[in-house]
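Notes follow once the structure below has been shown.
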Amino acid sequence: MAEPITGAAPRLVLAVMSAALIGEIIIFGIAATGRFASVLVLGAHLMLVGIMSLVLWRPLRSGSDGGVALLGVLSTLATGPFGAAGTLLLPTLGASGTESTARLAAWYQRISLSADQDEFTRVSDRIVIGRTANLAAVTPAELAVTFASGATTAQQTALGMIARNFHPAYLPALKIALDSPEPVIRVQAAAVAARVRETLKRDIGPMLARAAVPQLTPHDALALAGDLDVSAASGLLEDTARASALRASTGLRARTFARIDANARDPHQGHPVLATTEVAEAYLTHLLETGRIVDFRAARARTRFPVSGRYRRRRVVLTTRAMAGARFKRGATRPPAGAHS
Amino acid sequence: MSNRAASWTRTQARPADVCLIVEGCYPFVPGGVSSWIDWLIRTQPDTSFSIVSLWPAPSHHAPRYAMPPNAVAFHPLYLQAFGASPAQSARRPRGLDALANALQAFVSTGGAPALDTLMLAIADTERDMPLDRIFNSPVAWELVQRMYQGRMPYGSFLHYFWAWRALLGGLFATLEFPLPEAKVYHTISTGYAGLLAARAAAETGRPVIMTEHGIYTNERRIELLMADWVADTIDKGHTLDDPRLDLRDMWIHAFEAYARTCYDACDHVITLYEDNQKVQQLLGADPRRCRVIANGIDVERFGAVKPVGDAERPTMALIGRVVPIKDVKAYITAAHVLRERVPDLKAFILGPLDEDPDYTTECQHLVAELGLGDCVEFTGAVNIVEYLGRIHVVVLTSLSESQPLTILEAGAAGIPFVATNVGSCREIIEGRSDEKPPLGPGGLITPVVDPAAIANAVGRLLEDPELRRTYGETLRKRVRAFYTSERAARAYTDLYRDLRGRPGRTVPTAPGTSMWRRARAPSGGV
């Protein structure tokens with residue numbers, strides 16, 4: 001990449017303009033006394049400007065930006081000491097411009113995704129400009145690789161992560177770990193499977209009970225439906241519990257979308273239910289899936305989501321949070337002091 | 001106080017042949033390890049034992065085992081009772097820098113040399129202030145700050161502080177405990193028990209051995225990695241190799257360091273099966289000192305069982321408690337799958353139902369839900385010998401095991417086995433790598449949490465009487481050859497005899513170490 005333009009030899013220009021200012025003040029003073037002929041004063045002025053031009057000529061020829069130097073010469077030629085003084089003030093005014101230029105260069109360096117960027121900056125930039133990493137697609141594949149060929153400690157850490165933040169997307173990786181040739185990994189994977197299963201089993205009852213509550217807000221109802229789907233898809237629930245979870249999540253969604261539809265048909269109602277991104281996104285997806293394109297367009301217009309910026313960033317956060325299965329709360333286990341039996 | 005409880009106050013002044021160091025089990029908690037300790041003491045009638053039993057705090061439970069006659073002394077060690085009272089002192093003991101560095105090094109890497117350095121530093125500091133006072137004084141605050149800065153500066157200091165207190169409280173309690181005299185020290189785990197054994201080796205020069213059933217460090221690692229009570233004070237996201245240390249890492253590293261110290265100090269690192277040995281070596285045990293001594297059973301008791309006829313109803317059985325770790329639901333689901341293939345299948349569940357009543361109810365509901373009422377039978381606790389003569393295949397669907405005795409019992413009766421690939425199941429069923437001559441398989445191994453694979457394996461055996469007989473006979477031979485109680489007891493008798501007569505190693509003679517030995521010696525015993 002070419003060097004950014006930062007002005008030609010500013011120190012030289014400053015020195016020349018300072019000298020010119022002093023010279024012009026002297027000439028101006030001499031003219032004010034009235035003891036010299038105007039021609040002589042004009043000649044001295046022109047000679048000073050000529051010397052300035054000669055001194056500044058070399059930087060101008062080197063191809064650097066000679067804008068400030070040229071402006072200085074012309075303004076001094078036209079207005080004498082006032083022009084020189086004005087030109088001297090320009091670098092001060094232009095300081096912020098120089099800084100902006102530097103920032104511009106840094107920004108360009110970043111968005112050009114050059115190889116010397118660190119990973120954090122690259123991911124951050126992708127998020128900011130909307131080119132987000134698809135975490136949902138990438139993570140399970142990487143875990144599978146970890147369990148197939150990763151270091152033992154990495155596999156153990158990954159199993160701990162799965163235990164604490166279970167998501168059904170982790171199941172294929174967990175199955176690889178359960179069949180690991182490393183006994184230490186097999187044992188831990190079995191412990192994780194048991195824990196996840198017990199957690200799901202413990203949580204599913206209260207979740208089903210909550211799903212039957214009619215006053216849930218659309219946001220809470222859809223979040224609960226998502227959790228029920230996660231549990232059902234885990235493969236670790238018994239048949240009846242899995243069927244109940246699926247039934248409950250389907251019912252919750254149907255109820256919630258029916259309420260939103262009813263609000264949409266009522267001209268006196270606003271659309272507070274679309275106030276959260278999660279609800280709006282779920283509702284819009286539902287309209288698309290059910291082929292209600294006209295309703296989709298209307299609802300889409302009402303939600304007025306920006307197509308980039310914060311909304312996109314928020315989507316990344318939501319996706320990450322969903323991946324982490326943050327809504328699963330787990331009970332305490334005993335501390336290690338006191339050991340085993 | 002009952003007679004059983006009263007007997008555990010026995011303390012004999014003279015040194016025992018063997019000092020058993022146990023943690024969190026014998027004699028207050030029943031279970032596999034406690035039963036094994038009881039078996040070990042009773043099968044060595046000519047050896048006297050003193051027992052050091054480590055607990056977090058004084059136990060209010062009554063002992064669950066009668067004190068064996070050859071157990072001459074019992075010493076409880078309470079890890080959390082160290083430095084209970086606060087001490088205000090403006091005096092700064094000498095050697096604090098060395099102590100901080102030694103502590104840092106020890107909890108980071110462990111190893112016998114690091115323990116020696118730590119003991120030396122403690123001895124030096126204790127010339128000015130006892131350790132229990134240091135632990136509760138402003139000096140401790142300085143220590144914790146230094147260690148925090150050096151070890152976990154990215155994490156939460158508050159969490160670090162309390163973790164430090166818990167971790168070092170146990171460490172100091174172990175290092176301050178008056179060590180009973182013995183000719184051999186035998187620990188049954190790493191952790192704090194292993195640390196005490198390592199200290200015994202450094203302090204007395206006497207032989208130290210360890211018999212690990214489950215791998216303590218790995219159990220703690222699993223607990224810690226999954227625990228919700230350990231706060232994650234650094235957000236590492238999904239990164240698996242973030243080098244910053246958080247509380248989980250600190251705990252895990254500390255237990256690994258303790259394990260390394262113990263393995264370093266042990267003359268023999270014993271476990272029950274080869275897979276465990278691999279884990280021990282992964283944690284730092286020297287392969288040259290590792291050996292396997294498998295548990296055994298009374299073979300004659302089960303050898304008299306007559307095998308079930310081929311014409312009898314196809315029957316499988318799960319022998320074990322109805323608890324989640326046995327994954328009884330996988331067994332029931334496997335029965336459901338297998339009934340498609342073997343319509344008149346009978347599936348026994350032979351074991352107590354009262355340990356986890358909720359889980360038992362769930363299992364019973366699952367049986368009803370799958371329409372297996374005429375197939376699956378919960379018998380409760382029964383005399384296994386009476387049932388073995390009616391069973392074609394014994395099944396174990398456990399998520400975790402060490403060395404399950406049910407395989408040995410079924411094997412002694414000549415019944416083939418289907419087991420998940422946990423603990424020593426594969427080793428017992430397929431034979432150890434050094435088995436000479438190789439006997440062949442005595443059953444089939446399946447992955448865990450895989451009812452279809454379990455059903456398929458049992459189906460193969462039920463449908464092929466010849467294969468069943470071959471496997472059953474092979475398993476019988478293997479159990480008789482390698483898994484008898486007499487064989488296991490004899491191995492320990494020989495080991496104790498060899499070690500008791502061995503002169504002590506030369507104890508490190510660094511000036512500080514000698515001073516430490518003098519300072520720590522209980523009643524001039526060293």
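Going by the structure tokens order, chains are called A, B, ..., each with residues numbered from 1, while ligands are numbered from 1 in the order shown.
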
Asp295 of chain A environment, 10 Å, only C-alpha atoms, sequence neighbours closer than 4 positions dropped, as a ChimeraX atom specification: /A:261,264,284,287-288,291,299-301

Shell of 12 Å around Leu475 of chain B, only C-alpha atoms, local chain residues under 3 positions omitted, as a PDB file with C-alpha atoms, in the first residue's frame:
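File selection-v5.pdb, as written:
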ATOM      1  CA  GLY B 303     -17.629 -72.155  40.297  1.00  0.00           C
ATOM      2  CA  VAL B 394     -24.654 -61.092  32.007  1.00  0.00           C
ATOM      3  CA  ILE B 407     -17.713 -59.781  35.620  1.00  0.00           C
ATOM      4  CA  LEU B 408     -15.478 -61.920  37.798  1.00  0.00           C
ATOM      5  CA  GLU B 409     -18.474 -63.580  39.462  1.00  0.00           C
ATOM      6  CA  ALA B 410     -20.178 -64.338  36.160  1.00  0.00           C
ATOM      7  CA  GLY B 411     -16.856 -65.475  34.712  1.00  0.00           C
ATOM      8  CA  ALA B 412     -16.239 -67.816  37.646  1.00  0.00           C
ATOM      9  CA  ALA B 413     -19.643 -69.344  36.853  1.00  0.00           C
ATOM     10  CA  GLY B 414     -18.727 -69.680  33.150  1.00  0.00           C
ATOM     11  CA  ILE B 415     -21.254 -67.137  31.880  1.00  0.00           C
ATOM     12  CA  PRO B 416     -20.193 -64.857  29.011  1.00  0.00           C
ATOM     13  CA  PHE B 417     -20.350 -61.124  29.517  1.00  0.00           C
ATOM     14  CA  VAL B 418     -21.357 -58.043  27.551  1.00  0.00           C
ATOM     15  CA  CYS B 425     -14.082 -54.399  31.579  1.00  0.00           C
ATOM     16  CA  ARG B 426     -12.179 -54.825  28.328  1.00  0.00           C
ATOM     17  CA  GLU B 427      -9.124 -56.146  30.132  1.00  0.00           C
ATOM     18  CA  ILE B 428     -11.099 -58.801  32.022  1.00  0.00           C
ATOM     19  CA  ILE B 429     -13.196 -59.844  29.039  1.00  0.00           C
ATOM     20  CA  GLU B 430     -10.516 -59.748  26.343  1.00  0.00           C
ATOM     21  CA  GLY B 431      -7.405 -60.322  28.451  1.00  0.00           C
ATOM     22  CA  PRO B 438      -3.648 -65.450  25.253  1.00  0.00           C
ATOM     23  CA  LEU B 439      -6.951 -67.060  26.201  1.00  0.00           C
ATOM     24  CA  GLY B 440      -9.160 -65.117  23.795  1.00  0.00           C
ATOM     25  CA  PRO B 441     -12.356 -63.169  24.435  1.00  0.00           C
ATOM     26  CA  GLY B 442     -14.792 -64.051  27.195  1.00  0.00           C
ATOM     27  CA  GLY B 443     -17.558 -61.798  25.934  1.00  0.00           C
ATOM     28  CA  LEU B 444     -18.199 -58.625  23.985  1.00  0.00           C
ATOM     29  CA  ARG B 468     -21.709 -68.465  24.270  1.00  0.00           C
ATOM     30  CA  ARG B 469     -20.130 -71.610  25.666  1.00  0.00           C
ATOM     31  CA  THR B 470     -16.709 -70.758  24.239  1.00  0.00           C
ATOM     32  CA  TYR B 471     -16.762 -67.269  25.678  1.00  0.00           C
ATOM     33  CA  GLY B 472     -18.091 -68.480  29.041  1.00  0.00           C
ATOM     34  CA  ARG B 478      -9.177 -66.170  32.969  1.00  0.00           C
ATOM     35  CA  VAL B 479     -10.857 -65.498  36.302  1.00  0.00           C
ATOM     36  CA  ARG B 480      -9.376 -68.634  37.822  1.00  0.00           C
ATOM     37  CA  ALA B 481      -5.937 -67.744  36.534  1.00  0.00           C
ATOM     38  CA  PHE B 482      -5.744 -64.035  37.332  1.00  0.00           C
ATOM     39  CA  TYR B 483      -8.586 -62.842  39.530  1.00  0.00           C
TER      40      TYR B 483
END

Taking a cut-off of 6 Å and counting only C-alpha atoms, can you build a table that, for each residue of chain B near chain A, reports the nearest atom pair and how far apart they are in Å (one decimal), sorted by chain then residue number, as CSV?
residue,atom,partner,partner_atom,distance
B:Gly24,CA,A:His340,CA,5.3
B:Cys25,CA,A:Ser341,CA,4.5
B:Trp55,CA,A:Gly338,CA,5.3
B:Pro56,CA,A:Gly338,CA,4.7
B:Leu225,CA,A:Gly160,CA,4.5
B:Met226,CA,A:Gly160,CA,5.0
B:Asp228,CA,A:Ala332,CA,5.6
B:Trp229,CA,A:Ala332,CA,5.7
B:Leu240,CA,A:Ala154,CA,5.6
B:Leu399,CA,A:Ala190,CA,5.4

Distance query Ala231 of chain B at most 12 Å, only C-alpha atoms, self and fewer than 2 positions along chain excluded, as a list of chain:residue names: A:Arg164, A:Ala332, B:Gly155, B:Ser156, B:Phe157, B:Leu158, B:His159, B:Tyr160, B:Trp162, B:Ala163, B:Leu224, B:Leu225, B:Met226, B:Ala227, B:Asp228, B:Trp229, B:Thr233, B:Ile234, B:Asp235, B:Asp246, B:Leu247, B:Arg248, B:Asp249, B:Met250, B:Trp251

Limited to N, CA and C atoms, could you put the picked residues into a file as a PDB file, in the first residue's frame?
ATOM      1  N   ARG A 164     -20.641 -27.899  30.956  1.00  0.00           N
ATOM      2  CA  ARG A 164     -21.156 -26.663  31.565  1.00  0.00           C
ATOM      3  C   ARG A 164     -22.100 -25.915  30.643  1.00  0.00           C
ATOM      4  N   ALA A 332     -25.513 -27.125  42.098  1.00  0.00           N
ATOM      5  CA  ALA A 332     -24.127 -27.176  42.575  1.00  0.00           C
ATOM      6  C   ALA A 332     -23.690 -28.615  42.774  1.00  0.00           C
TER       7      ALA A 332
ATOM      8  N   GLY B 155      -7.344 -13.316  36.850  1.00  0.00           N
ATOM      9  CA  GLY B 155      -8.605 -13.765  37.456  1.00  0.00           C
ATOM     10  C   GLY B 155      -9.039 -12.884  38.599  1.00  0.00           C
ATOM     11  N   SER B 156     -10.127 -13.295  39.221  1.00  0.00           N
ATOM     12  CA  SER B 156     -10.668 -12.528  40.338  1.00  0.00           C
ATOM     13  C   SER B 156      -9.847 -12.805  41.590  1.00  0.00           C
ATOM     14  N   PHE B 157      -9.387 -11.734  42.248  1.00  0.00           N
ATOM     15  CA  PHE B 157      -8.564 -11.918  43.449  1.00  0.00           C
ATOM     16  C   PHE B 157      -9.385 -12.506  44.585  1.00  0.00           C
ATOM     17  N   LEU B 158     -10.632 -12.053  44.684  1.00  0.00           N
ATOM     18  CA  LEU B 158     -11.486 -12.537  45.775  1.00  0.00           C
ATOM     19  C   LEU B 158     -11.630 -14.060  45.694  1.00  0.00           C
ATOM     20  N   HIS B 159     -11.945 -14.545  44.498  1.00  0.00           N
ATOM     21  CA  HIS B 159     -12.088 -15.994  44.329  1.00  0.00           C
ATOM     22  C   HIS B 159     -10.765 -16.699  44.582  1.00  0.00           C
ATOM     23  N   TYR B 160      -9.683 -16.070  44.117  1.00  0.00           N
ATOM     24  CA  TYR B 160      -8.364 -16.675  44.298  1.00  0.00           C
ATOM     25  C   TYR B 160      -8.059 -16.803  45.784  1.00  0.00           C
ATOM     26  N   TRP B 162     -10.003 -17.175  48.397  1.00  0.00           N
ATOM     27  CA  TRP B 162     -10.667 -18.273  49.106  1.00  0.00           C
ATOM     28  C   TRP B 162     -10.194 -19.630  48.601  1.00  0.00           C
ATOM     29  N   ALA B 163      -9.915 -19.716  47.322  1.00  0.00           N
ATOM     30  CA  ALA B 163      -9.373 -20.976  46.787  1.00  0.00           C
ATOM     31  C   ALA B 163      -7.996 -21.247  47.396  1.00  0.00           C
ATOM     32  N   LEU B 224     -13.881 -30.865  38.638  1.00  0.00           N
ATOM     33  CA  LEU B 224     -13.590 -29.436  38.532  1.00  0.00           C
ATOM     34  C   LEU B 224     -13.987 -28.863  37.187  1.00  0.00           C
ATOM     35  N   LEU B 225     -13.755 -29.616  36.124  1.00  0.00           N
ATOM     36  CA  LEU B 225     -14.096 -29.099  34.799  1.00  0.00           C
ATOM     37  C   LEU B 225     -15.604 -28.938  34.629  1.00  0.00           C
ATOM     38  N   MET B 226     -16.363 -29.767  35.341  1.00  0.00           N
ATOM     39  CA  MET B 226     -17.814 -29.707  35.167  1.00  0.00           C
ATOM     40  C   MET B 226     -18.494 -28.880  36.254  1.00  0.00           C
ATOM     41  N   ALA B 227     -17.742 -28.510  37.290  1.00  0.00           N
ATOM     42  CA  ALA B 227     -18.371 -27.923  38.471  1.00  0.00           C
ATOM     43  C   ALA B 227     -18.938 -26.538  38.207  1.00  0.00           C
ATOM     44  N   ASP B 228     -20.118 -26.304  38.762  1.00  0.00           N
ATOM     45  CA  ASP B 228     -20.709 -24.965  38.694  1.00  0.00           C
ATOM     46  C   ASP B 228     -20.267 -24.105  39.869  1.00  0.00           C
ATOM     47  N   TRP B 229     -19.794 -24.742  40.925  1.00  0.00           N
ATOM     48  CA  TRP B 229     -19.415 -23.970  42.104  1.00  0.00           C
ATOM     49  C   TRP B 229     -18.065 -23.279  41.930  1.00  0.00           C
ATOM     50  N   THR B 233     -13.713 -16.835  36.250  1.00  0.00           N
ATOM     51  CA  THR B 233     -13.472 -15.391  36.396  1.00  0.00           C
ATOM     52  C   THR B 233     -12.779 -14.802  35.173  1.00  0.00           C
ATOM     53  N   ILE B 234     -12.392 -15.655  34.229  1.00  0.00           N
ATOM     54  CA  ILE B 234     -11.840 -15.167  32.966  1.00  0.00           C
ATOM     55  C   ILE B 234     -12.719 -15.722  31.855  1.00  0.00           C
ATOM     56  N   ASP B 235     -13.172 -14.838  30.975  1.00  0.00           N
ATOM     57  CA  ASP B 235     -14.023 -15.302  29.883  1.00  0.00           C
ATOM     58  C   ASP B 235     -13.131 -15.833  28.758  1.00  0.00           C
ATOM     59  N   ASP B 246      -7.206 -19.815  35.334  1.00  0.00           N
ATOM     60  CA  ASP B 246      -8.363 -19.438  36.126  1.00  0.00           C
ATOM     61  C   ASP B 246      -8.462 -20.415  37.296  1.00  0.00           C
ATOM     62  N   LEU B 247      -9.530 -20.262  38.082  1.00  0.00           N
ATOM     63  CA  LEU B 247      -9.629 -21.067  39.301  1.00  0.00           C
ATOM     64  C   LEU B 247      -9.611 -22.564  39.011  1.00  0.00           C
ATOM     65  N   ARG B 248     -10.372 -22.966  37.974  1.00  0.00           N
ATOM     66  CA  ARG B 248     -10.398 -24.398  37.636  1.00  0.00           C
ATOM     67  C   ARG B 248      -8.984 -24.906  37.370  1.00  0.00           C
ATOM     68  N   ASP B 249      -8.260 -24.127  36.561  1.00  0.00           N
ATOM     69  CA  ASP B 249      -6.897 -24.543  36.204  1.00  0.00           C
ATOM     70  C   ASP B 249      -6.018 -24.620  37.449  1.00  0.00           C
ATOM     71  N   MET B 250      -6.208 -23.636  38.325  1.00  0.00           N
ATOM     72  CA  MET B 250      -5.375 -23.605  39.519  1.00  0.00           C
ATOM     73  C   MET B 250      -5.587 -24.859  40.372  1.00  0.00           C
ATOM     74  N   TRP B 251      -6.863 -25.217  40.566  1.00  0.00           N
ATOM     75  CA  TRP B 251      -7.173 -26.421  41.342  1.00  0.00           C
ATOM     76  C   TRP B 251      -6.602 -27.662  40.646  1.00  0.00           C
TER      77      TRP B 251
END

Applying 9 Å and only C-alpha atoms, which residues near segment 489-495 of chain B remain after dropping the ones on its own chain fewer than 6 positions away? List them as a PyMOL selection string. chain B and resi 39-40+43-44+47+293+295-296

Could you find all residues in segment 138-277 of chain B that DSSP calls alpha helix (DSSP H) from the backbone, and write them as number ranges by chain? B: 138-151, 157-176, 191-204, 216-226, 247-265, 274-277

Dump as a PDB file, in the first residue's frame, selection limited to C-alpha atoms:
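To be explicit, this is the file written out as result01.pdb:
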ATOM      1  CA  PRO B 138      -0.850 -10.396  57.768  1.00  0.00           C
ATOM      2  CA  VAL B 139       2.053 -12.419  56.447  1.00  0.00           C
ATOM      3  CA  ALA B 140      -0.440 -14.764  54.792  1.00  0.00           C
ATOM      4  CA  TRP B 141      -1.995 -11.756  53.092  1.00  0.00           C
ATOM      5  CA  GLU B 142       1.381 -10.886  51.634  1.00  0.00           C
ATOM      6  CA  LEU B 143       1.874 -14.483  50.532  1.00  0.00           C
ATOM      7  CA  VAL B 144      -1.496 -14.708  48.819  1.00  0.00           C
ATOM      8  CA  GLN B 145      -0.956 -11.415  47.021  1.00  0.00           C
ATOM      9  CA  ARG B 146       2.408 -12.524  45.706  1.00  0.00           C
ATOM     10  CA  MET B 147       1.118 -15.874  44.564  1.00  0.00           C
ATOM     11  CA  TYR B 148      -1.872 -14.238  42.918  1.00  0.00           C
ATOM     12  CA  GLN B 149       0.343 -11.861  40.977  1.00  0.00           C
ATOM     13  CA  GLY B 150       2.619 -14.647  39.908  1.00  0.00           C
ATOM     14  CA  ARG B 151       0.020 -17.249  39.134  1.00  0.00           C
ATOM     15  CA  PHE B 157      -8.564 -11.918  43.449  1.00  0.00           C
ATOM     16  CA  LEU B 158     -11.486 -12.537  45.775  1.00  0.00           C
ATOM     17  CA  HIS B 159     -12.088 -15.994  44.329  1.00  0.00           C
ATOM     18  CA  TYR B 160      -8.364 -16.675  44.298  1.00  0.00           C
ATOM     19  CA  PHE B 161      -8.088 -15.755  47.942  1.00  0.00           C
ATOM     20  CA  TRP B 162     -10.667 -18.273  49.106  1.00  0.00           C
ATOM     21  CA  ALA B 163      -9.373 -20.976  46.787  1.00  0.00           C
ATOM     22  CA  TRP B 164      -5.867 -20.318  48.126  1.00  0.00           C
ATOM     23  CA  ARG B 165      -7.088 -20.691  51.694  1.00  0.00           C
ATOM     24  CA  ALA B 166      -8.780 -24.008  50.932  1.00  0.00           C
ATOM     25  CA  LEU B 167      -5.904 -25.361  48.892  1.00  0.00           C
ATOM     26  CA  LEU B 168      -3.052 -24.360  51.180  1.00  0.00           C
ATOM     27  CA  GLY B 169      -5.001 -25.116  54.358  1.00  0.00           C
ATOM     28  CA  GLY B 170      -5.113 -28.759  53.283  1.00  0.00           C
ATOM     29  CA  LEU B 171      -1.493 -28.679  52.186  1.00  0.00           C
ATOM     30  CA  PHE B 172      -0.247 -27.197  55.460  1.00  0.00           C
ATOM     31  CA  ALA B 173      -2.418 -29.549  57.520  1.00  0.00           C
ATOM     32  CA  THR B 174      -0.845 -32.477  55.705  1.00  0.00           C
ATOM     33  CA  LEU B 175       2.686 -31.166  56.130  1.00  0.00           C
ATOM     34  CA  GLU B 176       2.187 -30.388  59.832  1.00  0.00           C
ATOM     35  CA  GLY B 191      -4.266 -36.040  46.573  1.00  0.00           C
ATOM     36  CA  TYR B 192      -3.543 -35.114  50.186  1.00  0.00           C
ATOM     37  CA  ALA B 193      -3.106 -38.769  51.160  1.00  0.00           C
ATOM     38  CA  GLY B 194      -0.452 -39.108  48.483  1.00  0.00           C
ATOM     39  CA  LEU B 195       1.154 -35.920  49.715  1.00  0.00           C
ATOM     40  CA  LEU B 196       1.437 -37.314  53.234  1.00  0.00           C
ATOM     41  CA  ALA B 197       2.988 -40.470  51.797  1.00  0.00           C
ATOM     42  CA  ALA B 198       5.473 -38.367  49.814  1.00  0.00           C
ATOM     43  CA  ARG B 199       6.323 -36.485  52.981  1.00  0.00           C
ATOM     44  CA  ALA B 200       6.845 -39.809  54.762  1.00  0.00           C
ATOM     45  CA  ALA B 201       9.276 -40.848  52.053  1.00  0.00           C
ATOM     46  CA  ALA B 202      11.212 -37.588  52.316  1.00  0.00           C
ATOM     47  CA  GLU B 203      11.177 -37.514  56.074  1.00  0.00           C
ATOM     48  CA  THR B 204      11.794 -41.141  57.003  1.00  0.00           C
ATOM     49  CA  TYR B 216      -7.872 -39.527  42.041  1.00  0.00           C
ATOM     50  CA  THR B 217      -6.411 -36.706  39.955  1.00  0.00           C
ATOM     51  CA  ASN B 218      -8.605 -37.568  37.022  1.00  0.00           C
ATOM     52  CA  GLU B 219     -11.693 -37.753  39.213  1.00  0.00           C
ATOM     53  CA  ARG B 220     -10.907 -34.319  40.634  1.00  0.00           C
ATOM     54  CA  ARG B 221     -10.244 -32.986  37.125  1.00  0.00           C
ATOM     55  CA  ILE B 222     -13.607 -34.242  35.893  1.00  0.00           C
ATOM     56  CA  GLU B 223     -15.347 -32.750  38.915  1.00  0.00           C
ATOM     57  CA  LEU B 224     -13.590 -29.436  38.532  1.00  0.00           C
ATOM     58  CA  LEU B 225     -14.096 -29.099  34.799  1.00  0.00           C
ATOM     59  CA  MET B 226     -17.814 -29.707  35.167  1.00  0.00           C
ATOM     60  CA  LEU B 247      -9.629 -21.067  39.301  1.00  0.00           C
ATOM     61  CA  ARG B 248     -10.398 -24.398  37.636  1.00  0.00           C
ATOM     62  CA  ASP B 249      -6.897 -24.543  36.204  1.00  0.00           C
ATOM     63  CA  MET B 250      -5.375 -23.605  39.519  1.00  0.00           C
ATOM     64  CA  TRP B 251      -7.173 -26.421  41.342  1.00  0.00           C
ATOM     65  CA  ILE B 252      -6.413 -28.946  38.611  1.00  0.00           C
ATOM     66  CA  HIS B 253      -2.752 -27.965  38.449  1.00  0.00           C
ATOM     67  CA  ALA B 254      -2.480 -28.258  42.207  1.00  0.00           C
ATOM     68  CA  PHE B 255      -3.923 -31.792  42.246  1.00  0.00           C
ATOM     69  CA  GLU B 256      -1.680 -32.746  39.347  1.00  0.00           C
ATOM     70  CA  ALA B 257       1.282 -31.341  41.265  1.00  0.00           C
ATOM     71  CA  TYR B 258       0.315 -33.363  44.343  1.00  0.00           C
ATOM     72  CA  ALA B 259      -0.024 -36.488  42.175  1.00  0.00           C
ATOM     73  CA  ARG B 260       3.382 -35.947  40.579  1.00  0.00           C
ATOM     74  CA  THR B 261       4.907 -35.560  44.034  1.00  0.00           C
ATOM     75  CA  CYS B 262       3.306 -38.779  45.208  1.00  0.00           C
ATOM     76  CA  TYR B 263       4.297 -40.747  42.095  1.00  0.00           C
ATOM     77  CA  ASP B 264       7.848 -39.455  42.473  1.00  0.00           C
ATOM     78  CA  ALA B 265       8.020 -40.681  46.037  1.00  0.00           C
ATOM     79  CA  GLU B 274      -3.709 -51.531  32.578  1.00  0.00           C
ATOM     80  CA  ASP B 275      -5.854 -48.640  31.369  1.00  0.00           C
ATOM     81  CA  ASN B 276      -5.428 -46.960  34.747  1.00  0.00           C
ATOM     82  CA  GLN B 277      -1.712 -47.466  34.472  1.00  0.00           C
TER      83      GLN B 277
END

Separation of atom CA of Asp220 of chain A from atom CA of His167 of chain A, in Å and rounded to one decimal: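 Computing it gives 19.2 Å between the two atoms.
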
Given the choices A:Leu21, A:Glu278, A:Ala262, A:Pro168, which gets closest to Leu228 of chain A if the distance is worked out from only C-alpha atoms? A:Pro168

I need the strand (DSSP E) residues of segment 283-506 of chain B per DSSP on the backbone, written as a PyMOL selection string. chain B and resi 290-292+315-319+346-350+376-380+393-396+417-420+443-446

Between atom CA of Leu99 of chain B and atom CA of Ile122 of chain B - distance in Å to one decimal: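 Atom-to-atom, atom CA of Ile122 of chain B and atom CA of Leu99 of chain B are spaced 6.3 Å apart.
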
Excluding Ile391 of chain B and its own-chain neighbours fewer than 4 positions away, which residues fall within 8 Å of it when counting only C-alpha atoms? Please give them as a list of chain:residue names.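 Counting only C-alpha atoms, the residues come to B:Pro307, B:Val308, B:Pro314, B:Thr315, B:Met316, B:Ala317, B:Tyr387, B:Ile415.
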
Tell me, as a ChimeraX atom specification, which residues lie within 8 Å of segment 326-331 of chain B, counting only C-alpha atoms; anything in the same chain fewer than 6 positions away does not count. /B:318,320,363,366,395-400,449-451,454

Nearest to Ser18 of chain A by atom-to-atom distance, counting only C-alpha atoms, from A:Ser53, A:Pro81, A:Ala254, A:Ala169: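 Closest to Ser18 of chain A, using only C-alpha atoms: A:Pro81.
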
Find the spatial neighbours of Arg339 of chain B, counting only C-alpha atoms, within a cut-off of 10 Å - ignore same-chain residues fewer than 5 positions away - and output them as a VMD selection string. chain B and resid 333 to 334 344 to 347 372 375 455 459
